[in-house]
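Everything below belongs to target04.txt, which stores compact mmCIF, C-alpha atoms (C1' of nucleotides).
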```txt
# COMPACT_ATOMS: atom_id res chain seq x y z
CA MET A 48 81.31 56.93 -21.41
CA THR A 49 82.48 57.60 -17.89
CA ASP A 50 80.74 60.91 -18.39
CA THR A 51 80.31 62.38 -14.97
CA ARG A 52 78.12 65.30 -15.99
CA GLY A 53 74.47 65.71 -15.35
CA TYR A 54 72.26 64.11 -12.77
CA HIS A 55 73.02 60.62 -13.97
CA HIS A 56 76.66 59.65 -13.94
CA GLY A 57 76.37 57.17 -16.73
CA ASP A 58 78.88 54.61 -15.59
CA LEU A 59 78.99 55.02 -11.86
CA ARG A 60 79.23 51.39 -10.93
CA ARG A 61 82.34 50.86 -13.00
CA ALA A 62 83.86 54.15 -11.86
CA LEU A 63 83.36 53.24 -8.20
CA LEU A 64 84.94 49.83 -8.63
CA ALA A 65 87.94 51.33 -10.39
CA ALA A 66 88.34 54.00 -7.73
CA ALA A 67 88.06 51.37 -5.02
CA LEU A 68 90.91 49.41 -6.56
CA ASP A 69 93.05 52.55 -6.65
CA VAL A 70 92.38 53.35 -3.02
CA ILE A 71 93.07 49.84 -1.79
CA GLU A 72 96.22 49.56 -3.87
CA GLU A 73 97.58 52.84 -2.56
CA ASP A 74 96.35 53.05 1.01
CA GLY A 75 95.13 49.62 1.98
CA GLN A 76 91.78 48.05 2.79
CA ALA A 77 91.20 50.16 5.86
CA ALA A 78 91.32 53.36 3.82
CA LEU A 79 88.38 52.29 1.70
CA SER A 80 85.48 54.68 2.22
CA LEU A 81 82.24 54.84 0.29
CA ARG A 82 82.09 58.60 0.76
CA ASP A 83 85.60 59.00 -0.57
CA LEU A 84 84.74 56.94 -3.63
CA ALA A 85 81.65 59.05 -4.17
CA ARG A 86 83.73 62.22 -4.02
CA ARG A 87 86.21 60.82 -6.52
CA ALA A 88 83.41 59.98 -8.91
CA GLY A 89 81.82 63.39 -8.39
CA VAL A 90 78.54 62.09 -7.00
CA SER A 91 76.76 62.46 -3.70
CA HIS A 92 77.78 60.44 -0.66
CA ALA A 93 74.79 58.15 -0.87
CA ALA A 94 75.06 57.27 -4.54
CA PRO A 95 77.24 54.17 -4.06
CA ALA A 96 74.59 52.59 -1.88
CA HIS A 97 72.27 52.30 -4.82
CA HIS A 98 74.70 50.10 -6.77
CA PHE A 99 76.18 48.00 -3.99
CA GLY A 100 73.88 48.31 -1.03
CA ASP A 101 76.71 48.77 1.39
CA LYS A 102 80.46 48.44 1.76
CA ALA A 103 80.30 44.66 1.86
CA GLY A 104 78.36 44.75 -1.39
CA LEU A 105 81.08 46.76 -3.08
CA ARG A 106 83.72 44.31 -1.90
CA THR A 107 81.61 41.40 -3.07
CA ALA A 108 81.72 42.90 -6.55
CA LEU A 109 85.48 43.37 -6.29
CA ALA A 110 86.03 39.80 -5.16
CA THR A 111 83.85 38.43 -7.93
CA GLN A 112 85.78 40.45 -10.50
CA GLY A 113 89.00 39.17 -8.95
CA PHE A 114 88.07 35.49 -9.12
CA ASP A 115 87.07 35.90 -12.75
CA LEU A 116 90.36 37.58 -13.59
CA LEU A 117 92.27 34.86 -11.77
CA ALA A 118 90.45 32.11 -13.62
CA GLN A 119 91.32 33.81 -16.89
CA GLU A 120 94.99 34.22 -16.08
CA LEU A 121 95.35 30.69 -14.77
CA ALA A 122 93.80 29.33 -17.90
CA ALA A 123 96.15 31.43 -20.01
CA ALA A 124 99.12 29.82 -18.29
CA GLY A 125 98.44 26.60 -20.15
CA ASP A 126 98.86 23.05 -18.96
CA ASP A 127 102.04 23.56 -16.96
CA LEU A 128 101.66 23.49 -13.19
CA LEU A 129 104.79 25.52 -12.57
CA ALA A 130 103.64 28.19 -15.01
CA ALA A 131 100.25 28.21 -13.31
CA GLY A 132 101.89 28.74 -9.95
CA VAL A 133 103.94 31.62 -11.30
CA ALA A 134 100.79 33.05 -12.87
CA TYR A 135 99.04 32.81 -9.50
CA VAL A 136 101.78 34.79 -7.77
CA ASP A 137 101.95 37.22 -10.64
CA PHE A 138 98.21 37.77 -10.43
CA ALA A 139 98.45 38.53 -6.72
CA VAL A 140 101.17 41.11 -7.30
CA ARG A 141 99.62 42.81 -10.30
CA HIS A 142 96.09 42.71 -8.93
CA ARG A 143 96.99 43.24 -5.33
CA ALA A 144 93.76 44.99 -4.41
CA HIS A 145 91.62 42.23 -5.89
CA PHE A 146 93.70 39.51 -4.30
CA GLU A 147 93.56 41.09 -0.86
CA VAL A 148 89.80 41.23 -0.95
CA MET A 149 89.24 37.78 -2.42
CA PHE A 150 90.72 35.91 0.53
CA ARG A 151 89.11 37.96 3.26
CA PRO A 152 85.56 36.64 3.12
CA GLU A 153 84.59 38.37 6.34
CA LEU A 154 84.72 41.62 4.36
CA TYR A 155 82.12 40.66 1.78
CA ARG A 156 79.06 38.50 1.23
CA ALA A 157 80.56 35.06 0.75
CA ASP A 158 77.15 33.60 -0.03
CA ASP A 159 76.57 35.79 -3.08
CA PRO A 160 75.67 33.51 -6.04
CA ASP A 161 77.75 35.43 -8.62
CA LEU A 162 80.72 35.36 -6.32
CA ILE A 163 80.42 31.65 -5.67
CA ALA A 164 80.23 30.96 -9.38
CA ALA A 165 83.32 33.05 -10.10
CA ARG A 166 85.23 31.37 -7.30
CA GLN A 167 84.35 27.98 -8.67
CA ARG A 168 85.60 28.97 -12.11
CA ALA A 169 88.95 29.93 -10.59
CA SER A 170 89.03 26.77 -8.53
CA ALA A 171 88.29 24.63 -11.58
CA ALA A 172 91.11 26.30 -13.50
CA LEU A 173 93.55 25.48 -10.74
CA ARG A 174 92.39 21.90 -10.46
CA SER A 175 92.69 21.33 -14.16
CA GLN A 176 96.34 22.36 -14.02
CA VAL A 177 97.08 19.91 -11.24
CA ALA A 178 95.33 17.13 -13.11
CA THR A 179 98.00 17.34 -15.81
CA LEU A 180 100.57 16.04 -13.36
CA PRO A 181 101.60 12.40 -13.64
CA SER A 182 99.45 11.34 -10.72
CA GLY A 183 100.14 8.53 -8.31
CA GLY A 184 96.80 7.17 -9.36
CA ALA A 185 94.59 7.65 -6.35
CA PRO A 186 92.34 10.72 -6.48
CA ALA A 187 93.37 11.44 -2.89
CA ASP A 188 96.89 12.06 -4.18
CA THR A 189 95.62 14.57 -6.70
CA ASP A 190 93.73 16.34 -3.94
CA ARG A 191 96.78 16.47 -1.78
CA ASP A 192 98.95 17.67 -4.67
CA ALA A 193 96.47 20.38 -5.54
CA LEU A 194 96.37 21.56 -1.95
CA ALA A 195 100.14 21.58 -1.72
CA ALA A 196 100.54 23.50 -4.97
CA TRP A 197 97.86 25.98 -4.04
CA SER A 198 99.32 26.43 -0.55
CA ILE A 199 102.86 27.13 -1.68
CA ALA A 200 101.80 29.57 -4.38
CA HIS A 201 99.30 31.28 -2.12
CA GLY A 202 101.76 31.43 0.75
CA PHE A 203 104.52 32.89 -1.35
CA ALA A 204 102.16 35.46 -2.85
CA THR A 205 100.82 36.44 0.56
CA LEU A 206 104.25 36.77 2.13
CA TRP A 207 105.44 38.79 -0.84
CA LEU A 208 102.52 41.19 -0.56
CA ALA A 209 102.99 41.51 3.18
CA GLY A 210 106.59 42.52 2.62
CA ALA A 211 107.57 39.72 4.95
CA LEU A 212 110.20 38.17 2.71
CA PRO A 213 113.89 38.97 3.16
CA GLU A 214 115.41 41.38 0.65
CA ARG A 215 117.59 38.77 -0.88
CA VAL A 216 114.70 37.22 -2.80
CA GLY A 217 115.04 40.16 -5.19
CA ASP A 218 112.39 42.35 -6.74
CA ASP A 219 111.06 40.13 -9.51
CA PRO A 220 108.15 38.14 -8.10
CA ARG A 221 107.90 35.83 -11.11
CA GLU A 222 111.54 34.77 -10.96
CA ALA A 223 111.52 34.40 -7.17
CA ALA A 224 108.29 32.42 -7.29
CA ARG A 225 109.64 30.07 -9.94
CA ALA A 226 112.66 29.21 -7.81
CA VAL A 227 110.50 28.44 -4.79
CA LEU A 228 107.72 26.62 -6.61
CA ARG A 229 110.23 24.33 -8.30
CA ARG A 230 111.03 23.05 -4.83
CA LEU A 231 107.71 21.22 -4.87
CA GLY A 232 109.24 18.87 -7.38
CA THR A 233 106.99 19.14 -10.36
CA MET B 243 95.04 42.23 39.66
CA THR B 244 92.75 43.02 36.79
CA ASP B 245 90.93 45.08 39.38
CA THR B 246 88.78 47.48 37.45
CA ARG B 247 87.70 49.54 40.44
CA GLY B 248 88.78 53.02 41.25
CA TYR B 249 90.23 55.73 39.13
CA HIS B 250 93.17 53.59 38.13
CA HIS B 251 92.35 50.34 36.42
CA GLY B 252 95.47 48.57 37.56
CA ASP B 253 96.08 46.38 34.56
CA LEU B 254 94.47 48.22 31.72
CA ARG B 255 97.08 47.55 29.09
CA ARG B 256 96.79 43.81 29.51
CA ALA B 257 93.00 43.96 29.70
CA LEU B 258 92.80 45.93 26.47
CA LEU B 259 95.07 43.53 24.63
CA ALA B 260 93.03 40.57 25.79
CA ALA B 261 89.77 42.23 24.82
CA ALA B 262 91.20 43.12 21.42
CA LEU B 263 92.05 39.48 20.78
CA ASP B 264 88.51 38.47 21.70
CA VAL B 265 86.97 41.03 19.37
CA ILE B 266 89.20 40.15 16.42
CA GLU B 267 88.67 36.44 16.95
CA GLU B 268 84.91 36.81 17.04
CA ASP B 269 84.14 39.65 14.67
CA GLY B 270 87.26 40.25 12.61
CA GLN B 271 89.79 43.02 12.29
CA ALA B 272 87.31 45.56 11.02
CA ALA B 273 85.24 45.28 14.19
CA LEU B 274 88.12 46.39 16.36
CA SER B 275 87.26 49.67 18.04
CA LEU B 276 89.22 51.44 20.75
CA ARG B 277 86.02 52.76 22.26
CA ASP B 278 84.53 49.29 22.40
CA LEU B 279 87.62 47.97 24.14
CA ALA B 280 87.42 50.83 26.61
CA ARG B 281 83.79 49.97 27.36
CA ARG B 282 84.68 46.32 27.88
CA ALA B 283 87.41 47.29 30.32
CA GLY B 284 85.11 49.72 32.09
CA VAL B 285 87.20 52.80 31.42
CA SER B 286 86.63 55.98 29.49
CA HIS B 287 86.88 56.14 25.75
CA ALA B 288 90.21 57.92 25.77
CA ALA B 289 92.01 55.67 28.22
CA PRO B 290 93.44 53.29 25.58
CA ALA B 291 95.24 56.17 23.89
CA HIS B 292 97.48 56.58 26.89
CA HIS B 293 98.83 53.03 26.60
CA PHE B 294 99.01 52.62 22.84
CA GLY B 295 98.83 56.08 21.36
CA ASP B 296 96.40 55.03 18.68
CA LYS B 297 94.87 52.00 17.02
CA ALA B 298 98.07 51.21 15.13
CA GLY B 299 99.91 51.25 18.43
CA LEU B 300 97.56 48.67 19.88
CA ARG B 301 98.02 46.44 16.87
CA THR B 302 101.79 46.85 17.07
CA ALA B 303 101.61 45.43 20.59
CA LEU B 304 99.44 42.55 19.38
CA ALA B 305 101.81 41.73 16.54
CA THR B 306 104.83 41.82 18.84
CA GLN B 307 103.08 39.48 21.26
CA GLY B 308 102.23 37.24 18.33
CA PHE B 309 105.75 36.96 16.97
CA ASP B 310 107.03 36.12 20.43
CA LEU B 311 104.41 33.42 20.84
CA LEU B 312 105.22 32.01 17.43
CA ALA B 313 108.95 31.92 18.17
CA GLN B 314 108.18 30.02 21.35
CA GLU B 315 105.92 27.47 19.71
CA LEU B 316 108.28 26.90 16.79
CA ALA B 317 111.15 26.29 19.18
CA ALA B 318 109.01 23.84 21.13
CA ALA B 319 108.46 21.81 17.97
CA GLY B 320 112.05 20.62 18.12
CA ASP B 321 114.42 19.94 15.28
CA ASP B 322 111.90 18.45 12.89
CA LEU B 323 110.91 20.58 9.92
CA LEU B 324 107.62 18.80 9.40
CA ALA B 325 106.72 19.26 13.05
CA ALA B 326 107.68 22.91 12.80
CA GLY B 327 105.39 23.35 9.80
CA VAL B 328 102.52 21.72 11.65
CA ALA B 329 103.27 23.93 14.65
CA TYR B 330 103.15 26.98 12.38
CA VAL B 331 99.72 26.07 11.07
CA ASP B 332 98.55 25.13 14.52
CA PHE B 333 99.69 28.50 15.83
CA ALA B 334 97.76 30.31 13.13
CA VAL B 335 94.58 28.43 13.98
CA ARG B 336 94.84 28.67 17.76
CA HIS B 337 96.07 32.27 17.74
CA ARG B 338 94.06 33.42 14.80
CA ALA B 339 93.77 37.03 15.95
CA HIS B 340 97.50 37.34 16.51
CA PHE B 341 98.30 35.71 13.20
CA GLU B 342 95.96 37.92 11.25
CA VAL B 343 97.56 41.04 12.61
CA MET B 344 101.16 39.89 12.29
CA PHE B 345 101.10 39.63 8.53
CA ARG B 346 99.22 42.84 7.86
CA PRO B 347 101.97 45.40 8.47
CA GLU B 348 99.92 48.24 7.03
CA LEU B 349 97.80 47.99 10.17
CA TYR B 350 100.60 48.63 12.64
CA ARG B 351 103.97 50.32 13.02
CA ALA B 352 106.30 47.97 11.23
CA ASP B 353 109.31 50.04 12.28
CA ASP B 354 108.73 49.57 16.00
CA PRO B 355 111.98 48.27 17.58
CA ASP B 356 110.28 45.78 19.91
CA LEU B 357 108.25 44.43 17.05
CA ILE B 358 111.28 44.02 14.79
CA ALA B 359 113.12 42.19 17.53
CA ALA B 360 110.23 39.80 18.11
CA ARG B 361 109.85 39.15 14.41
CA GLN B 362 113.52 38.33 14.14
CA ARG B 363 113.25 35.88 17.00
CA ALA B 364 110.46 34.08 15.15
CA SER B 365 112.38 34.21 11.90
CA ALA B 366 115.48 32.78 13.56
CA ALA B 367 113.45 29.93 15.01
CA LEU B 368 112.12 29.03 11.57
CA ARG B 369 115.53 29.20 9.96
CA SER B 370 117.08 26.97 12.58
CA GLN B 371 114.51 24.29 11.77
CA VAL B 372 115.32 24.40 8.09
CA ALA B 373 119.04 24.23 8.80
CA THR B 374 118.55 20.75 10.24
CA LEU B 375 117.68 19.48 6.78
CA PRO B 376 120.33 17.55 4.87
CA SER B 377 121.24 20.51 2.71
CA GLY B 378 122.45 20.41 -0.86
CA GLY B 379 125.46 22.31 0.34
CA ALA B 380 125.06 25.76 -1.12
CA PRO B 381 123.54 28.34 1.25
CA ALA B 382 121.33 29.44 -1.63
CA ASP B 383 119.64 26.05 -1.44
CA THR B 384 118.96 26.50 2.25
CA ASP B 385 117.45 29.89 1.52
CA ARG B 386 115.25 28.45 -1.16
CA ASP B 387 114.23 25.54 1.05
CA ALA B 388 113.39 27.87 3.90
CA LEU B 389 111.26 30.02 1.62
CA ALA B 390 109.48 27.00 0.21
CA ALA B 391 108.76 25.57 3.64
CA TRP B 392 107.59 28.89 4.99
CA SER B 393 105.43 29.50 1.93
CA ILE B 394 103.63 26.19 2.03
CA ALA B 395 102.97 26.38 5.76
CA HIS B 396 101.91 30.01 5.58
CA GLY B 397 99.77 29.41 2.54
CA PHE B 398 97.98 26.46 4.05
CA ALA B 399 97.39 28.36 7.29
CA THR B 400 96.07 31.40 5.46
CA LEU B 401 93.74 29.41 3.23
CA TRP B 402 92.49 27.47 6.24
CA LEU B 403 91.72 30.67 8.16
CA ALA B 404 90.03 32.19 5.13
CA GLY B 405 87.75 29.19 4.92
CA ALA B 406 88.88 28.78 1.33
CA LEU B 407 89.71 25.09 1.54
CA PRO B 408 87.24 22.46 0.38
CA GLU B 409 85.37 20.59 3.07
CA ARG B 410 87.05 17.34 2.31
CA VAL B 411 90.25 18.39 4.06
CA GLY B 412 88.43 17.73 7.29
CA ASP B 413 88.32 19.72 10.50
CA ASP B 414 91.64 18.88 12.06
CA PRO B 415 94.16 21.48 10.91
CA ARG B 416 97.18 19.60 12.28
CA GLU B 417 96.35 16.40 10.48
CA ALA B 418 95.46 18.16 7.23
CA ALA B 419 98.59 20.28 7.39
CA ARG B 420 100.80 17.24 7.93
CA ALA B 421 99.46 15.57 4.81
CA VAL B 422 100.10 18.64 2.69
CA LEU B 423 103.46 19.60 4.17
CA ARG B 424 104.78 16.08 3.62
CA ARG B 425 104.36 16.78 -0.07
CA LEU B 426 107.38 19.06 0.14
CA GLY B 427 109.46 15.93 0.51
CA THR B 428 111.21 16.39 3.77
C1' DG C 72 53.76 61.86 -23.94
C1' DA C 73 52.60 59.70 -19.62
C1' DG C 74 53.91 56.83 -16.25
C1' DC C 75 57.30 54.14 -14.15
C1' DA C 76 61.59 52.45 -12.57
C1' DA C 77 66.32 53.40 -12.18
C1' DT C 78 69.45 56.64 -10.59
C1' DC C 79 71.09 60.15 -7.78
C1' DT C 80 70.57 63.92 -3.83
C1' DT C 81 69.76 65.88 0.67
C1' DG C 82 69.30 65.27 5.38
C1' DT C 83 70.00 62.83 9.47
C1' DC C 84 71.77 59.67 13.21
C1' DA C 85 74.88 56.85 15.79
C1' DC C 86 79.47 55.59 15.95
C1' DT C 87 84.46 56.09 15.56
C1' DG C 88 89.44 57.93 16.04
C1' DG C 89 92.04 61.41 17.65
C1' DC C 90 93.16 65.56 20.11
C1' DA C 91 93.20 68.88 24.12
C1' DA C 92 92.57 70.06 28.74
C1' DG C 93 91.75 68.73 33.21
C1' DA C 94 91.01 65.46 37.30
C1' DT C 95 92.84 61.77 40.22
C1' DT C 96 96.16 58.84 42.03
C1' DG C 97 100.47 56.65 43.40
C1' DC C 98 105.28 57.11 44.05
C1' DG C 99 109.82 58.97 44.93
C1' DC C 100 112.42 62.23 47.36
C1' DG C 101 113.25 65.73 50.53
C1' DC D 79 105.66 62.64 56.95
C1' DG D 80 104.13 65.34 53.06
C1' DC D 81 105.10 67.57 48.83
C1' DG D 82 105.46 67.60 44.12
C1' DC D 83 105.63 65.20 40.01
C1' DA D 84 104.56 61.87 36.61
C1' DA D 85 101.58 58.32 35.28
C1' DT D 86 96.99 57.25 34.61
C1' DC D 87 92.43 58.14 33.53
C1' DT D 88 88.23 61.46 32.37
C1' DT D 89 85.42 64.84 29.99
C1' DG D 90 84.58 67.40 26.05
C1' DC D 91 85.04 68.17 21.46
C1' DC D 92 85.50 67.80 16.17
C1' DA D 93 85.70 65.79 11.66
C1' DG D 94 84.85 61.71 9.14
C1' DT D 95 82.16 57.47 8.26
C1' DG D 96 78.26 53.96 7.17
C1' DA D 97 73.64 53.39 6.91
C1' DC D 98 69.01 54.72 6.34
C1' DA D 99 64.86 57.54 4.81
C1' DA D 100 62.60 60.59 1.84
C1' DG D 101 62.61 63.18 -2.12
C1' DA D 102 64.33 64.98 -6.80
C1' DT D 103 65.69 63.97 -11.54
C1' DT D 104 66.14 61.37 -15.57
C1' DG D 105 65.69 57.99 -19.22
C1' DC D 106 62.97 54.16 -21.00
C1' DT D 107 58.86 51.85 -22.34
C1' DC D 108 54.45 51.43 -24.11
```
Could you quickly redo this structure as structure tokens?
Amino acid sequence: MTDTRGYHHGDLRRALLAAALDVIEEDGQAALSLRDLARRAGVSHAAPAHHFGDKAGLRTALATQGFDLLAQELAAAGDDLLAAGVAYVDFAVRHRAHFEVMFRPELYRADDPDLIAARQRASAALRSQVATLPSGGAPADTDRDALAAWSIAHGFATLWLAGALPERVGDDPREAARAVLRRLGT
Amino acid sequence: MTDTRGYHHGDLRRALLAAALDVIEEDGQAALSLRDLARRAGVSHAAPAHHFGDKAGLRTALATQGFDLLAQELAAAGDDLLAAGVAYVDFAVRHRAHFEVMFRPELYRADDPDLIAARQRASAALRSQVATLPSGGAPADTDRDALAAWSIAHGFATLWLAGALPERVGDDPREAARAVLRRLGT
DNA sequence: GAGCAATCTTGTCACTGGCAAGATTGCGCG
DNA sequence: CGCGCAATCTTGCCAGTGACAAGATTGCTC
């Protein structure tokens, strides 16, 4: 597979998505170009359009993939909220390109059914972690706790990716995240 | 001022920055075009280059402006960490365009001296709020607390702007932020 | 093996960023 | 006062991009 010879590429859709991740990871969202991806895959400049329609379509596919990956990794973290938070940050760092697309809905089609489904799977995974906390009882408290946990993990991940954090936090995102997330008082 | 007549615009730099904020606010970062800004200001397509060099230069100016504004608004929140957090979120919502540029350093010149200075002013304002907390004593604790506070406020703001939060949080960002930030246990 | 749908190509257009060269204007300095 | 200079803005250009249309090629199905 991934045979690029002949008129038909064979696995173009997958190849384009992979190339897109590379580009975003290395040169940022703004550097993403359908024509560049086509060149990398060895196809004509208009080939990507067939699989994704347009640039937003490509990013929709990336975001969907990302939410599915996130749901998986959150679930793998088990029933520990702190571990889930660390997993969230870790996901953002290891899948930077995915993460940066996922939370920029103006770049893709946020009303895509597949995307919505994937996002809900990730959301459900997060919520199920929070539900394991000894709750105050009222569902409103669980909501608030979930929001707080999500916010602090998301904020830390975002600041880390933006390079906005001071050097003294070190270079291990998991360790640094754990120290900060603990502050929430799980 | 803001007289657009004649060969010389008179206040082009300011006009371009204002137009850029409008565009970003309404149509997102990707819609930002120097030529469009030039048209809005009634000047030729190459006029913006003189003031900002290139697109990154324009965004550097926006980010600098943003950090200065943020420093101001944080300082105005007084010596209350919760109030500062709410002010942070409020800033992000009211100055969405600024905020969205500030934390995307790949879009501007992060090594610009004016920008660095402005960012440090904002950073100092945040740190001074955290320092008012009854600290555990060790400076490492203050660092960790500052990071946690920044993360939760930044995360909530980011998720709010991305439209990622469930509807039940309501439509008042200040109120919603207060409920979540309180969870940090100030 | 014939037709059909999926896949990919070629060609084109409007738009963009950036550069170079030149026009216009205001301002300081003699 | 007026001269020159620097700041400001314009015109012209080129390569790259996204999107669309029309056509070529291929593999699959019946």
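Comparing the minimum interatomic distances between Leu154 in chain A and each of A:Ala224, A:Leu79, A:Ala88, A:Ala195, counting all atoms listed in the file, we find that A:Leu79 sits nearest.
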Could you list, as a PyMOL selection string, every residue within 12 Å of range 87-101 of chain C, counting only C-alpha atoms (C1' of nucleotides) and ignoring same-chain residues fewer than 6 positions away?
(chain B and resi 248-252+272-278+287-288+290-292+295-298) or (chain D and resi 79-96)
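With distances taken over only C-alpha atoms (C1' of nucleotides), A:Gly89 is the one residue among A:Gly104, A:Gly89, A:Pro186, A:Gly232 lying closest to chain C.
Between CA of Arg369 in chain B and CA of Pro355 in chain B there is a distance of 20.8 Å.
Picture a line from CA of Val90 in chain A to CA of Gly113 in chain A; it runs 25.3 Å.
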Return as CSV the residues of chain B lying at most 8 Å from chain A, together with the closest atom-to-atom pair for each and the distance in Å to one decimal, counting only C-alpha atoms, with rows in chain order and ascending residue number.
```
residue,atom,partner,partner_atom,distance
B:Gly270,CA,A:Glu153,CA,7.1
B:Ala272,CA,A:Ala77,CA,7.9
B:Phe345,CA,A:Ala209,CA,6.0
B:Arg346,CA,A:Ala209,CA,6.2
B:Pro347,CA,A:Ala209,CA,6.6
B:Glu348,CA,A:Gly75,CA,7.1
B:Arg386,CA,A:Val227,CA,6.0
B:Asp387,CA,A:Arg230,CA,7.1
B:Leu389,CA,A:Val227,CA,6.6
B:Ala390,CA,A:Val227,CA,5.3
B:Trp392,CA,A:Gly202,CA,7.6
B:Ser393,CA,A:Gly202,CA,4.3
B:Ile394,CA,A:Ile199,CA,3.9
B:Ala395,CA,A:Gly202,CA,7.2
B:His396,CA,A:Gly202,CA,5.0
B:Gly397,CA,A:Gly202,CA,3.4
B:Phe398,CA,A:Ser198,CA,4.8
B:Thr400,CA,A:Gly202,CA,7.4
B:Leu401,CA,A:Ser198,CA,7.4
B:Ala404,CA,A:Phe150,CA,6.0
B:Gly405,CA,A:Pro152,CA,8.0
B:Ala406,CA,A:Phe150,CA,7.4
B:Ala421,CA,A:Arg191,CA,7.2
B:Val422,CA,A:Ala195,CA,5.3
B:Leu423,CA,A:Ala195,CA,7.0
B:Arg425,CA,A:Ala195,CA,6.6
B:Leu426,CA,A:Leu231,CA,5.5
B:Gly427,CA,A:Leu231,CA,7.7
```
Padding 4 Å on every side, please: axis-aligned box over the listed atoms of range 72-86 of chain C, centre and edge lengths to one decimal in Å, as AutoDock Vina command-line options.
```
--center_x 66.0 --center_y 59.2 --center_z -4.0 --size_x 34.9 --size_y 21.4 --size_z 47.9
```
Interface residues on chain D facing chain A, 12 Å, only C-alpha atoms (C1' of nucleotides), written as number ranges by chain:
D: 94-99, 102-105
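Near (98.3, 45.8, 14.7), the residues inside the 6 Å limit, counting all atoms listed in the file, come to Ala298, Leu300, Arg301, Thr302, Leu304, Ala305, Val343, Leu349 and Tyr350 of chain B.
Interatomic distance, CA of Val335 in chain B against CA of Thr384 in chain B: 27.1 Å.
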Show me a table, sorted first by chain and then by increasing residue number, of the residues of chain C having an atom at most 10 Å from chain A, each with its shortest atom pair and the distance in Å to one decimal, counting all atoms listed in the file and written as JSON lines.
```
{"residue": "C:DA77", "atom": "C1'", "partner": "A:His97", "partner_atom": "CA", "distance": 9.5}
{"residue": "C:DT78", "atom": "C1'", "partner": "A:His55", "partner_atom": "CA", "distance": 6.3}
{"residue": "C:DC79", "atom": "C1'", "partner": "A:Ala94", "partner_atom": "CA", "distance": 5.9}
{"residue": "C:DT80", "atom": "C1'", "partner": "A:Ser91", "partner_atom": "CA", "distance": 6.4}
{"residue": "C:DT81", "atom": "C1'", "partner": "A:Ser91", "partner_atom": "CA", "distance": 8.9}
```
Residues of the last selection are to be written out with C-alpha atoms (C1' of nucleotides), as a PDB file, in the frame of the given file.
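Okay, this is what ended up in again05.pdb:
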```pdb
ATOM      1  C1'  DA C  77      66.320  53.400 -12.180  1.00  0.00           C
ATOM      2  C1'  DT C  78      69.450  56.640 -10.590  1.00  0.00           C
ATOM      3  C1'  DC C  79      71.090  60.150  -7.780  1.00  0.00           C
ATOM      4  C1'  DT C  80      70.570  63.920  -3.830  1.00  0.00           C
ATOM      5  C1'  DT C  81      69.760  65.880   0.670  1.00  0.00           C
TER       6       DT C  81
END
```
Within 12 Å of His337 in chain B, counting only C-alpha atoms (C1' of nucleotides), which residues show up once you throw out same-chain ones fewer than 3 positions away? Write them as a PDB file with C-alpha atoms, keeping the file's coordinate frame, please.
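Here's the written file result_30.pdb:
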```pdb
ATOM      1  CA  ALA B 260      93.030  40.570  25.790  1.00  0.00           C
ATOM      2  CA  LEU B 263      92.050  39.480  20.780  1.00  0.00           C
ATOM      3  CA  ASP B 264      88.510  38.470  21.700  1.00  0.00           C
ATOM      4  CA  ILE B 266      89.200  40.150  16.420  1.00  0.00           C
ATOM      5  CA  GLU B 267      88.670  36.440  16.950  1.00  0.00           C
ATOM      6  CA  LEU B 304      99.440  42.550  19.380  1.00  0.00           C
ATOM      7  CA  ALA B 305     101.810  41.730  16.540  1.00  0.00           C
ATOM      8  CA  GLN B 307     103.080  39.480  21.260  1.00  0.00           C
ATOM      9  CA  GLY B 308     102.230  37.240  18.330  1.00  0.00           C
ATOM     10  CA  PHE B 309     105.750  36.960  16.970  1.00  0.00           C
ATOM     11  CA  ASP B 310     107.030  36.120  20.430  1.00  0.00           C
ATOM     12  CA  LEU B 311     104.410  33.420  20.840  1.00  0.00           C
ATOM     13  CA  LEU B 312     105.220  32.010  17.430  1.00  0.00           C
ATOM     14  CA  GLU B 315     105.920  27.470  19.710  1.00  0.00           C
ATOM     15  CA  ALA B 329     103.270  23.930  14.650  1.00  0.00           C
ATOM     16  CA  TYR B 330     103.150  26.980  12.380  1.00  0.00           C
ATOM     17  CA  VAL B 331      99.720  26.070  11.070  1.00  0.00           C
ATOM     18  CA  ASP B 332      98.550  25.130  14.520  1.00  0.00           C
ATOM     19  CA  PHE B 333      99.690  28.500  15.830  1.00  0.00           C
ATOM     20  CA  ALA B 334      97.760  30.310  13.130  1.00  0.00           C
ATOM     21  CA  HIS B 340      97.500  37.340  16.510  1.00  0.00           C
ATOM     22  CA  PHE B 341      98.300  35.710  13.200  1.00  0.00           C
ATOM     23  CA  GLU B 342      95.960  37.920  11.250  1.00  0.00           C
ATOM     24  CA  VAL B 343      97.560  41.040  12.610  1.00  0.00           C
ATOM     25  CA  MET B 344     101.160  39.890  12.290  1.00  0.00           C
ATOM     26  CA  ALA B 399      97.390  28.360   7.290  1.00  0.00           C
ATOM     27  CA  LEU B 403      91.720  30.670   8.160  1.00  0.00           C
TER      28      LEU B 403
END
```
